[in-house]
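*Asks:* For reference, the structure I am asking about is given below.
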Amino acid sequence: IERHGIDLSQYAVAQARALHADRIAFEVCDIEKQEPFGGKKFDMATCFNVLEHFEEPNRVVANIAEALVPEGKFYARFPFRDPIFGRDKYHYYRPLEDWIDILSTYCDVDWCKHYYTLWGKLSDVRAPAALANFLVIMLTKRQGAPASPSRRPQQ
């Protein structure tokens with residue numbers, strides 16, 4: 001099994017390589033601007049607490065979908081509502097419905113679960129969406145999904 005990881009930070013990639021280079025290939029990549037790994041395709045992509053950091057996550061989701069094989073899986077976990085104790089300038093929180101719209105442009109939703117978090121810790125108790133602020137979702141790349149913005153023909 002091949003495993004690959006990306007991060008925008010050269011420092012984070014260097015640290016990851018120092019710890020896991022024997023098992024995982026790491027690359028510095030701005031996923032918002034480019035598809036990672038030069039067009040290589042993957043069976044699965046994961047994002048844990050990443051998507052909420054992008055002001056325009058559509059490009060990120062499109063590039064992730066572009067890196068998946070047909071019917072590839074995408075597993076994501078992120079907060080979708082501004083937590084009471086966690087407001088800052090580094091997160092872009094959106095309502096759950098907006099996230100589902102963004103993700104379902106490129107993928108079909110297999111399942112999603114809502115959780116309530118307090119002090120940044122994920123509870124093991126599922127919560128109704130009205131009380132939740134954290135989403136765990138599994139998606140499948142949709143056949144015929146639109147091309148990522150970085151791959152669209154210039155007009």
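Letters A, B, ... go to the chains of the structure tokens in the order shown; residues in each chain start at 1; ligands are counted from 1 in the same order.
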List the neighbours of Arg142 of chain A out to 8 Å using only C-alpha atoms; skip same-chain residues closer than 3 positions along the sequence, and give me the result as a count of residues only.
*Replies:* 6
*Asks:* If you run DSSP over the backbone, which residues in chain A end up strand (DSSP E)? Put them as a PDB file with N, CA and C atoms, in the first residue's frame.
*Replies:*
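Generated file (states36.pdb):
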ATOM      1  N   HIS A   4       0.660   8.629   0.910  1.00  0.00           N
ATOM      2  CA  HIS A   4       1.229   9.936   0.599  1.00  0.00           C
ATOM      3  C   HIS A   4       0.560  10.978   1.468  1.00  0.00           C
ATOM      4  N   GLY A   5       1.301  12.020   1.802  1.00  0.00           N
ATOM      5  CA  GLY A   5       0.742  13.116   2.585  1.00  0.00           C
ATOM      6  C   GLY A   5       1.229  14.445   2.058  1.00  0.00           C
ATOM      7  N   ILE A   6       0.392  15.463   2.226  1.00  0.00           N
ATOM      8  CA  ILE A   6       0.779  16.803   1.796  1.00  0.00           C
ATOM      9  C   ILE A   6       0.508  17.802   2.907  1.00  0.00           C
ATOM     10  N   ASP A   7       1.242  18.904   2.845  1.00  0.00           N
ATOM     11  CA  ASP A   7       0.997  20.034   3.727  1.00  0.00           C
ATOM     12  C   ASP A   7       1.563  21.260   3.045  1.00  0.00           C
ATOM     13  N   ALA A  25       5.195   8.899   1.918  1.00  0.00           N
ATOM     14  CA  ALA A  25       5.877   9.919   1.120  1.00  0.00           C
ATOM     15  C   ALA A  25       5.171  11.257   1.345  1.00  0.00           C
ATOM     16  N   PHE A  26       5.923  12.285   1.707  1.00  0.00           N
ATOM     17  CA  PHE A  26       5.343  13.600   1.983  1.00  0.00           C
ATOM     18  C   PHE A  26       5.817  14.614   0.958  1.00  0.00           C
ATOM     19  N   GLU A  27       4.952  15.571   0.677  1.00  0.00           N
ATOM     20  CA  GLU A  27       5.235  16.599  -0.317  1.00  0.00           C
ATOM     21  C   GLU A  27       4.657  17.924   0.155  1.00  0.00           C
ATOM     22  N   VAL A  28       5.392  19.003  -0.114  1.00  0.00           N
ATOM     23  CA  VAL A  28       4.851  20.333   0.117  1.00  0.00           C
ATOM     24  C   VAL A  28       3.947  20.650  -1.061  1.00  0.00           C
ATOM     25  N   PHE A  42      -5.491   8.255  -6.665  1.00  0.00           N
ATOM     26  CA  PHE A  42      -5.542   7.530  -5.399  1.00  0.00           C
ATOM     27  C   PHE A  42      -6.909   6.898  -5.180  1.00  0.00           C
ATOM     28  N   ASP A  43      -6.914   5.801  -4.427  1.00  0.00           N
ATOM     29  CA  ASP A  43      -8.164   5.121  -4.070  1.00  0.00           C
ATOM     30  C   ASP A  43      -8.917   5.868  -2.978  1.00  0.00           C
ATOM     31  N   MET A  44      -8.173   6.562  -2.111  1.00  0.00           N
ATOM     32  CA  MET A  44      -8.802   7.261  -0.997  1.00  0.00           C
ATOM     33  C   MET A  44      -8.005   8.504  -0.656  1.00  0.00           C
ATOM     34  N   ALA A  45      -8.739   9.536  -0.249  1.00  0.00           N
ATOM     35  CA  ALA A  45      -8.130  10.756   0.277  1.00  0.00           C
ATOM     36  C   ALA A  45      -8.783  11.062   1.617  1.00  0.00           C
ATOM     37  N   THR A  46      -7.991  11.587   2.535  1.00  0.00           N
ATOM     38  CA  THR A  46      -8.527  11.953   3.842  1.00  0.00           C
ATOM     39  C   THR A  46      -8.133  13.386   4.176  1.00  0.00           C
ATOM     40  N   CYS A  47      -9.003  14.054   4.884  1.00  0.00           N
ATOM     41  CA  CYS A  47      -8.743  15.406   5.404  1.00  0.00           C
ATOM     42  C   CYS A  47      -9.274  15.461   6.816  1.00  0.00           C
ATOM     43  N   PHE A  48      -8.403  15.729   7.756  1.00  0.00           N
ATOM     44  CA  PHE A  48      -8.820  15.851   9.151  1.00  0.00           C
ATOM     45  C   PHE A  48      -8.532  17.271   9.615  1.00  0.00           C
ATOM     46  N   LEU A  68      -8.565  11.551  -7.173  1.00  0.00           N
ATOM     47  CA  LEU A  68      -9.143  10.226  -6.893  1.00  0.00           C
ATOM     48  C   LEU A  68      -9.404   9.438  -8.172  1.00  0.00           C
ATOM     49  N   VAL A  69      -9.264   8.134  -8.078  1.00  0.00           N
ATOM     50  CA  VAL A  69      -9.670   7.248  -9.167  1.00  0.00           C
ATOM     51  C   VAL A  69     -11.190   7.310  -9.282  1.00  0.00           C
ATOM     52  N   PRO A  70     -11.760   6.865 -10.415  1.00  0.00           N
ATOM     53  CA  PRO A  70     -13.224   6.790 -10.477  1.00  0.00           C
ATOM     54  C   PRO A  70     -13.743   5.945  -9.306  1.00  0.00           C
ATOM     55  N   GLU A  71     -14.782   6.416  -8.675  1.00  0.00           N
ATOM     56  CA  GLU A  71     -15.381   5.768  -7.509  1.00  0.00           C
ATOM     57  C   GLU A  71     -14.467   5.802  -6.278  1.00  0.00           C
ATOM     58  N   GLY A  72     -13.414   6.642  -6.307  1.00  0.00           N
ATOM     59  CA  GLY A  72     -12.536   6.776  -5.153  1.00  0.00           C
ATOM     60  C   GLY A  72     -13.260   7.368  -3.965  1.00  0.00           C
ATOM     61  N   LYS A  73     -12.767   7.076  -2.786  1.00  0.00           N
ATOM     62  CA  LYS A  73     -13.400   7.504  -1.530  1.00  0.00           C
ATOM     63  C   LYS A  73     -12.695   8.740  -0.964  1.00  0.00           C
ATOM     64  N   PHE A  74     -13.481   9.595  -0.336  1.00  0.00           N
ATOM     65  CA  PHE A  74     -12.983  10.802   0.314  1.00  0.00           C
ATOM     66  C   PHE A  74     -13.589  10.849   1.710  1.00  0.00           C
ATOM     67  N   TYR A  75     -12.734  10.816   2.715  1.00  0.00           N
ATOM     68  CA  TYR A  75     -13.162  10.830   4.108  1.00  0.00           C
ATOM     69  C   TYR A  75     -12.707  12.153   4.718  1.00  0.00           C
ATOM     70  N   ALA A  76     -13.632  12.913   5.279  1.00  0.00           N
ATOM     71  CA  ALA A  76     -13.283  14.221   5.828  1.00  0.00           C
ATOM     72  C   ALA A  76     -13.901  14.387   7.214  1.00  0.00           C
ATOM     73  N   ARG A  77     -13.220  15.173   8.020  1.00  0.00           N
ATOM     74  CA  ARG A  77     -13.695  15.498   9.361  1.00  0.00           C
ATOM     75  C   ARG A  77     -13.358  16.960   9.616  1.00  0.00           C
ATOM     76  N   PHE A  78     -14.353  17.754  10.007  1.00  0.00           N
ATOM     77  CA  PHE A  78     -14.103  19.175  10.225  1.00  0.00           C
ATOM     78  C   PHE A  78     -15.269  19.818  10.972  1.00  0.00           C
ATOM     79  N   PRO A  79     -14.994  20.938  11.642  1.00  0.00           N
ATOM     80  CA  PRO A  79     -16.079  21.682  12.274  1.00  0.00           C
ATOM     81  C   PRO A  79     -16.858  22.436  11.207  1.00  0.00           C
ATOM     82  N   CYS A 107     -18.700  14.863  -5.422  1.00  0.00           N
ATOM     83  CA  CYS A 107     -18.800  13.535  -4.814  1.00  0.00           C
ATOM     84  C   CYS A 107     -20.231  13.249  -4.373  1.00  0.00           C
ATOM     85  N   ASP A 108     -20.542  11.975  -4.261  1.00  0.00           N
ATOM     86  CA  ASP A 108     -21.801  11.543  -3.672  1.00  0.00           C
ATOM     87  C   ASP A 108     -21.560  11.253  -2.195  1.00  0.00           C
ATOM     88  N   VAL A 109     -22.471  11.671  -1.357  1.00  0.00           N
ATOM     89  CA  VAL A 109     -22.344  11.452   0.078  1.00  0.00           C
ATOM     90  C   VAL A 109     -22.763  10.016   0.391  1.00  0.00           C
ATOM     91  N   ASP A 110     -21.841   9.225   0.935  1.00  0.00           N
ATOM     92  CA  ASP A 110     -22.147   7.862   1.371  1.00  0.00           C
ATOM     93  C   ASP A 110     -22.817   7.884   2.736  1.00  0.00           C
ATOM     94  N   TRP A 111     -22.244   8.626   3.647  1.00  0.00           N
ATOM     95  CA  TRP A 111     -22.824   8.804   4.973  1.00  0.00           C
ATOM     96  C   TRP A 111     -22.176   9.994   5.654  1.00  0.00           C
ATOM     97  N   CYS A 112     -22.890  10.558   6.615  1.00  0.00           N
ATOM     98  CA  CYS A 112     -22.296  11.614   7.427  1.00  0.00           C
ATOM     99  C   CYS A 112     -22.861  11.533   8.834  1.00  0.00           C
ATOM    100  N   LYS A 113     -22.051  11.922   9.775  1.00  0.00           N
ATOM    101  CA  LYS A 113     -22.441  11.914  11.182  1.00  0.00           C
ATOM    102  C   LYS A 113     -22.116  13.280  11.768  1.00  0.00           C
ATOM    103  N   HIS A 114     -22.956  13.718  12.676  1.00  0.00           N
ATOM    104  CA  HIS A 114     -22.762  14.995  13.345  1.00  0.00           C
ATOM    105  C   HIS A 114     -22.382  14.731  14.789  1.00  0.00           C
ATOM    106  N   TYR A 115     -21.421  15.486  15.258  1.00  0.00           N
ATOM    107  CA  TYR A 115     -20.977  15.345  16.639  1.00  0.00           C
ATOM    108  C   TYR A 115     -20.950  16.707  17.305  1.00  0.00           C
ATOM    109  N   TYR A 116     -21.042  16.694  18.603  1.00  0.00           N
ATOM    110  CA  TYR A 116     -20.881  17.913  19.377  1.00  0.00           C
ATOM    111  C   TYR A 116     -19.496  17.871  19.994  1.00  0.00           C
ATOM    112  N   THR A 117     -18.781  18.979  19.896  1.00  0.00           N
ATOM    113  CA  THR A 117     -17.457  19.043  20.509  1.00  0.00           C
ATOM    114  C   THR A 117     -17.433  20.163  21.532  1.00  0.00           C
ATOM    115  N   LEU A 118     -16.672  19.967  22.556  1.00  0.00           N
ATOM    116  CA  LEU A 118     -16.482  20.973  23.574  1.00  0.00           C
ATOM    117  C   LEU A 118     -14.992  21.045  23.873  1.00  0.00           C
ATOM    118  N   LYS A 121     -12.560  18.803  21.719  1.00  0.00           N
ATOM    119  CA  LYS A 121     -12.508  17.342  21.784  1.00  0.00           C
ATOM    120  C   LYS A 121     -13.772  16.752  21.193  1.00  0.00           C
ATOM    121  N   LEU A 122     -13.590  15.802  20.285  1.00  0.00           N
ATOM    122  CA  LEU A 122     -14.716  15.152  19.625  1.00  0.00           C
ATOM    123  C   LEU A 122     -15.381  14.184  20.591  1.00  0.00           C
ATOM    124  N   SER A 123     -16.665  14.344  20.754  1.00  0.00           N
ATOM    125  CA  SER A 123     -17.437  13.455  21.617  1.00  0.00           C
ATOM    126  C   SER A 123     -17.718  12.156  20.874  1.00  0.00           C
ATOM    127  N   ASP A 124     -17.892  11.050  21.583  1.00  0.00           N
ATOM    128  CA  ASP A 124     -18.295   9.818  20.897  1.00  0.00           C
ATOM    129  C   ASP A 124     -19.808   9.732  20.798  1.00  0.00           C
ATOM    130  N   VAL A 125     -20.511  10.753  21.213  1.00  0.00           N
ATOM    131  CA  VAL A 125     -21.963  10.748  21.173  1.00  0.00           C
ATOM    132  C   VAL A 125     -22.431  11.521  19.947  1.00  0.00           C
ATOM    133  N   ARG A 126     -23.197  10.838  19.081  1.00  0.00           N
ATOM    134  CA  ARG A 126     -23.769  11.540  17.937  1.00  0.00           C
ATOM    135  C   ARG A 126     -24.774  12.550  18.435  1.00  0.00           C
ATOM    136  N   PHE A 134     -19.617  19.579  14.490  1.00  0.00           N
ATOM    137  CA  PHE A 134     -18.528  18.826  13.889  1.00  0.00           C
ATOM    138  C   PHE A 134     -19.111  17.790  12.939  1.00  0.00           C
ATOM    139  N   LEU A 135     -18.505  17.620  11.783  1.00  0.00           N
ATOM    140  CA  LEU A 135     -19.012  16.698  10.768  1.00  0.00           C
ATOM    141  C   LEU A 135     -17.955  15.655  10.426  1.00  0.00           C
ATOM    142  N   VAL A 136     -18.360  14.413  10.356  1.00  0.00           N
ATOM    143  CA  VAL A 136     -17.537  13.316   9.841  1.00  0.00           C
ATOM    144  C   VAL A 136     -18.300  12.778   8.635  1.00  0.00           C
ATOM    145  N   ILE A 137     -17.648  12.736   7.474  1.00  0.00           N
ATOM    146  CA  ILE A 137     -18.373  12.408   6.241  1.00  0.00           C
ATOM    147  C   ILE A 137     -17.536  11.510   5.333  1.00  0.00           C
ATOM    148  N   MET A 138     -18.202  10.549   4.685  1.00  0.00           N
ATOM    149  CA  MET A 138     -17.564   9.693   3.684  1.00  0.00           C
ATOM    150  C   MET A 138     -18.256   9.960   2.358  1.00  0.00           C
ATOM    151  N   LEU A 139     -17.448  10.176   1.327  1.00  0.00           N
ATOM    152  CA  LEU A 139     -17.966  10.489   0.006  1.00  0.00           C
ATOM    153  C   LEU A 139     -17.342   9.575  -1.037  1.00  0.00           C
ATOM    154  N   THR A 140     -17.998   9.457  -2.182  1.00  0.00           N
ATOM    155  CA  THR A 140     -17.467   8.723  -3.326  1.00  0.00           C
ATOM    156  C   THR A 140     -17.402   9.678  -4.503  1.00  0.00           C
ATOM    157  N   LYS A 141     -16.259   9.693  -5.193  1.00  0.00           N
ATOM    158  CA  LYS A 141     -16.109  10.566  -6.356  1.00  0.00           C
ATOM    159  C   LYS A 141     -17.201  10.242  -7.369  1.00  0.00           C
TER     160      LYS A 141
END
*Asks:* Separation of atom CA of Glu55 of chain A and atom CA of Gln10 of chain A, in Å?
*Replies:*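 Between atom CA of Glu55 of chain A and atom CA of Gln10 of chain A the gap works out to 21.2 Å.
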*Asks:* Quick one: distance from atom CA of His53 of chain A to atom CA of Leu103 of chain A in Å, one decimal?
*Replies:*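 Computed distance, atom CA of His53 of chain A to atom CA of Leu103 of chain A, equals 15.1 Å.
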*Asks:* Just the number, please: distance in Å from atom CA of Ile24 of chain A to atom CA of Ala65 of chain A, one decimal.
*Replies:*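 We find that atom CA of Ile24 of chain A and atom CA of Ala65 of chain A lie 20.6 Å from each other.
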*Asks:* Using only C-alpha atoms, which residues sit within 8 Å of Arg81 of chain A once same-chain residues fewer than 4 positions away are excluded, as a list in words?
*Replies:*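 Within the cut-off, the hits are Tyr93, Arg94, Pro95, Leu96, Ala132, Asn133 and Phe134 of chain A.
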*Asks:* Could you write out, as a list in words, all the residues of segment 21-139 of chain A that DSSP marks as helix (DSSP H, G or I)?
*Replies:*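 Helix (DSSP H, G or I) members of segment 21-139 of chain A, listed: Pro36, Phe37, Gly38, Gly39, Leu51, Glu52, His53, Pro57, Asn58, Arg59, Val60, Val61, Ala62, Asn63, Ile64, Ala65, Glu66, Leu96, Glu97, Asp98, Trp99, Ile100, Asp101, Ile102 and Leu103 of chain A.
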*Asks:* Those same residues - N, CA and C atoms - I'd like them written as a PDB file, in the first residue's frame.
*Replies:*
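Written output follows (part12.pdb):
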ATOM      1  N   PRO A  36      -2.275  17.584  -6.092  1.00  0.00           N
ATOM      2  CA  PRO A  36      -1.021  17.033  -5.563  1.00  0.00           C
ATOM      3  C   PRO A  36      -0.489  15.858  -6.381  1.00  0.00           C
ATOM      4  N   PHE A  37       0.787  15.611  -6.252  1.00  0.00           N
ATOM      5  CA  PHE A  37       1.463  14.425  -6.778  1.00  0.00           C
ATOM      6  C   PHE A  37       1.420  14.306  -8.292  1.00  0.00           C
ATOM      7  N   GLY A  38       1.408  15.433  -8.977  1.00  0.00           N
ATOM      8  CA  GLY A  38       1.569  15.439 -10.431  1.00  0.00           C
ATOM      9  C   GLY A  38       0.597  14.575 -11.204  1.00  0.00           C
ATOM     10  N   GLY A  39      -0.623  14.529 -10.805  1.00  0.00           N
ATOM     11  CA  GLY A  39      -1.630  13.778 -11.551  1.00  0.00           C
ATOM     12  C   GLY A  39      -1.787  12.330 -11.147  1.00  0.00           C
ATOM     13  N   LEU A  51     -10.368  21.387   5.884  1.00  0.00           N
ATOM     14  CA  LEU A  51     -11.229  22.132   4.966  1.00  0.00           C
ATOM     15  C   LEU A  51     -11.705  23.466   5.535  1.00  0.00           C
ATOM     16  N   GLU A  52     -11.887  23.555   6.823  1.00  0.00           N
ATOM     17  CA  GLU A  52     -12.387  24.785   7.424  1.00  0.00           C
ATOM     18  C   GLU A  52     -11.368  25.924   7.408  1.00  0.00           C
ATOM     19  N   HIS A  53     -10.129  25.631   7.004  1.00  0.00           N
ATOM     20  CA  HIS A  53      -9.090  26.661   6.956  1.00  0.00           C
ATOM     21  C   HIS A  53      -9.046  27.408   5.624  1.00  0.00           C
ATOM     22  N   PRO A  57     -13.208  26.797  -0.242  1.00  0.00           N
ATOM     23  CA  PRO A  57     -12.891  25.369  -0.232  1.00  0.00           C
ATOM     24  C   PRO A  57     -13.282  24.625  -1.508  1.00  0.00           C
ATOM     25  N   ASN A  58     -14.049  25.256  -2.394  1.00  0.00           N
ATOM     26  CA  ASN A  58     -14.457  24.567  -3.629  1.00  0.00           C
ATOM     27  C   ASN A  58     -13.248  24.085  -4.417  1.00  0.00           C
ATOM     28  N   ARG A  59     -12.219  24.937  -4.552  1.00  0.00           N
ATOM     29  CA  ARG A  59     -11.016  24.547  -5.297  1.00  0.00           C
ATOM     30  C   ARG A  59     -10.309  23.375  -4.634  1.00  0.00           C
ATOM     31  N   VAL A  60     -10.281  23.384  -3.323  1.00  0.00           N
ATOM     32  CA  VAL A  60      -9.618  22.313  -2.576  1.00  0.00           C
ATOM     33  C   VAL A  60     -10.350  20.991  -2.802  1.00  0.00           C
ATOM     34  N   VAL A  61     -11.660  21.007  -2.646  1.00  0.00           N
ATOM     35  CA  VAL A  61     -12.459  19.789  -2.834  1.00  0.00           C
ATOM     36  C   VAL A  61     -12.344  19.311  -4.281  1.00  0.00           C
ATOM     37  N   ALA A  62     -12.343  20.238  -5.236  1.00  0.00           N
ATOM     38  CA  ALA A  62     -12.199  19.861  -6.643  1.00  0.00           C
ATOM     39  C   ALA A  62     -10.853  19.193  -6.895  1.00  0.00           C
ATOM     40  N   ASN A  63      -9.785  19.722  -6.335  1.00  0.00           N
ATOM     41  CA  ASN A  63      -8.462  19.133  -6.533  1.00  0.00           C
ATOM     42  C   ASN A  63      -8.335  17.778  -5.845  1.00  0.00           C
ATOM     43  N   ILE A  64      -8.977  17.617  -4.711  1.00  0.00           N
ATOM     44  CA  ILE A  64      -8.986  16.307  -4.051  1.00  0.00           C
ATOM     45  C   ILE A  64      -9.740  15.304  -4.920  1.00  0.00           C
ATOM     46  N   ALA A  65     -10.915  15.695  -5.414  1.00  0.00           N
ATOM     47  CA  ALA A  65     -11.694  14.798  -6.273  1.00  0.00           C
ATOM     48  C   ALA A  65     -10.915  14.449  -7.538  1.00  0.00           C
ATOM     49  N   GLU A  66     -10.197  15.404  -8.089  1.00  0.00           N
ATOM     50  CA  GLU A  66      -9.397  15.170  -9.298  1.00  0.00           C
ATOM     51  C   GLU A  66      -8.298  14.133  -9.046  1.00  0.00           C
ATOM     52  N   LEU A  96     -23.869  23.635   7.812  1.00  0.00           N
ATOM     53  CA  LEU A  96     -23.793  22.261   7.318  1.00  0.00           C
ATOM     54  C   LEU A  96     -24.292  22.150   5.879  1.00  0.00           C
ATOM     55  N   GLU A  97     -25.398  22.820   5.560  1.00  0.00           N
ATOM     56  CA  GLU A  97     -25.970  22.739   4.212  1.00  0.00           C
ATOM     57  C   GLU A  97     -24.992  23.261   3.160  1.00  0.00           C
ATOM     58  N   ASP A  98     -24.237  24.317   3.485  1.00  0.00           N
ATOM     59  CA  ASP A  98     -23.249  24.847   2.545  1.00  0.00           C
ATOM     60  C   ASP A  98     -22.133  23.838   2.300  1.00  0.00           C
ATOM     61  N   TRP A  99     -21.683  23.181   3.361  1.00  0.00           N
ATOM     62  CA  TRP A  99     -20.638  22.159   3.191  1.00  0.00           C
ATOM     63  C   TRP A  99     -21.134  21.009   2.321  1.00  0.00           C
ATOM     64  N   ILE A 100     -22.350  20.565   2.551  1.00  0.00           N
ATOM     65  CA  ILE A 100     -22.892  19.464   1.744  1.00  0.00           C
ATOM     66  C   ILE A 100     -22.980  19.887   0.282  1.00  0.00           C
ATOM     67  N   ASP A 101     -23.389  21.127   0.003  1.00  0.00           N
ATOM     68  CA  ASP A 101     -23.438  21.628  -1.378  1.00  0.00           C
ATOM     69  C   ASP A 101     -22.055  21.617  -2.017  1.00  0.00           C
ATOM     70  N   ILE A 102     -21.052  22.085  -1.292  1.00  0.00           N
ATOM     71  CA  ILE A 102     -19.677  22.131  -1.825  1.00  0.00           C
ATOM     72  C   ILE A 102     -19.175  20.723  -2.110  1.00  0.00           C
ATOM     73  N   LEU A 103     -19.311  19.827  -1.143  1.00  0.00           N
ATOM     74  CA  LEU A 103     -18.795  18.468  -1.296  1.00  0.00           C
ATOM     75  C   LEU A 103     -19.547  17.684  -2.363  1.00  0.00           C
TER      76      LEU A 103
END
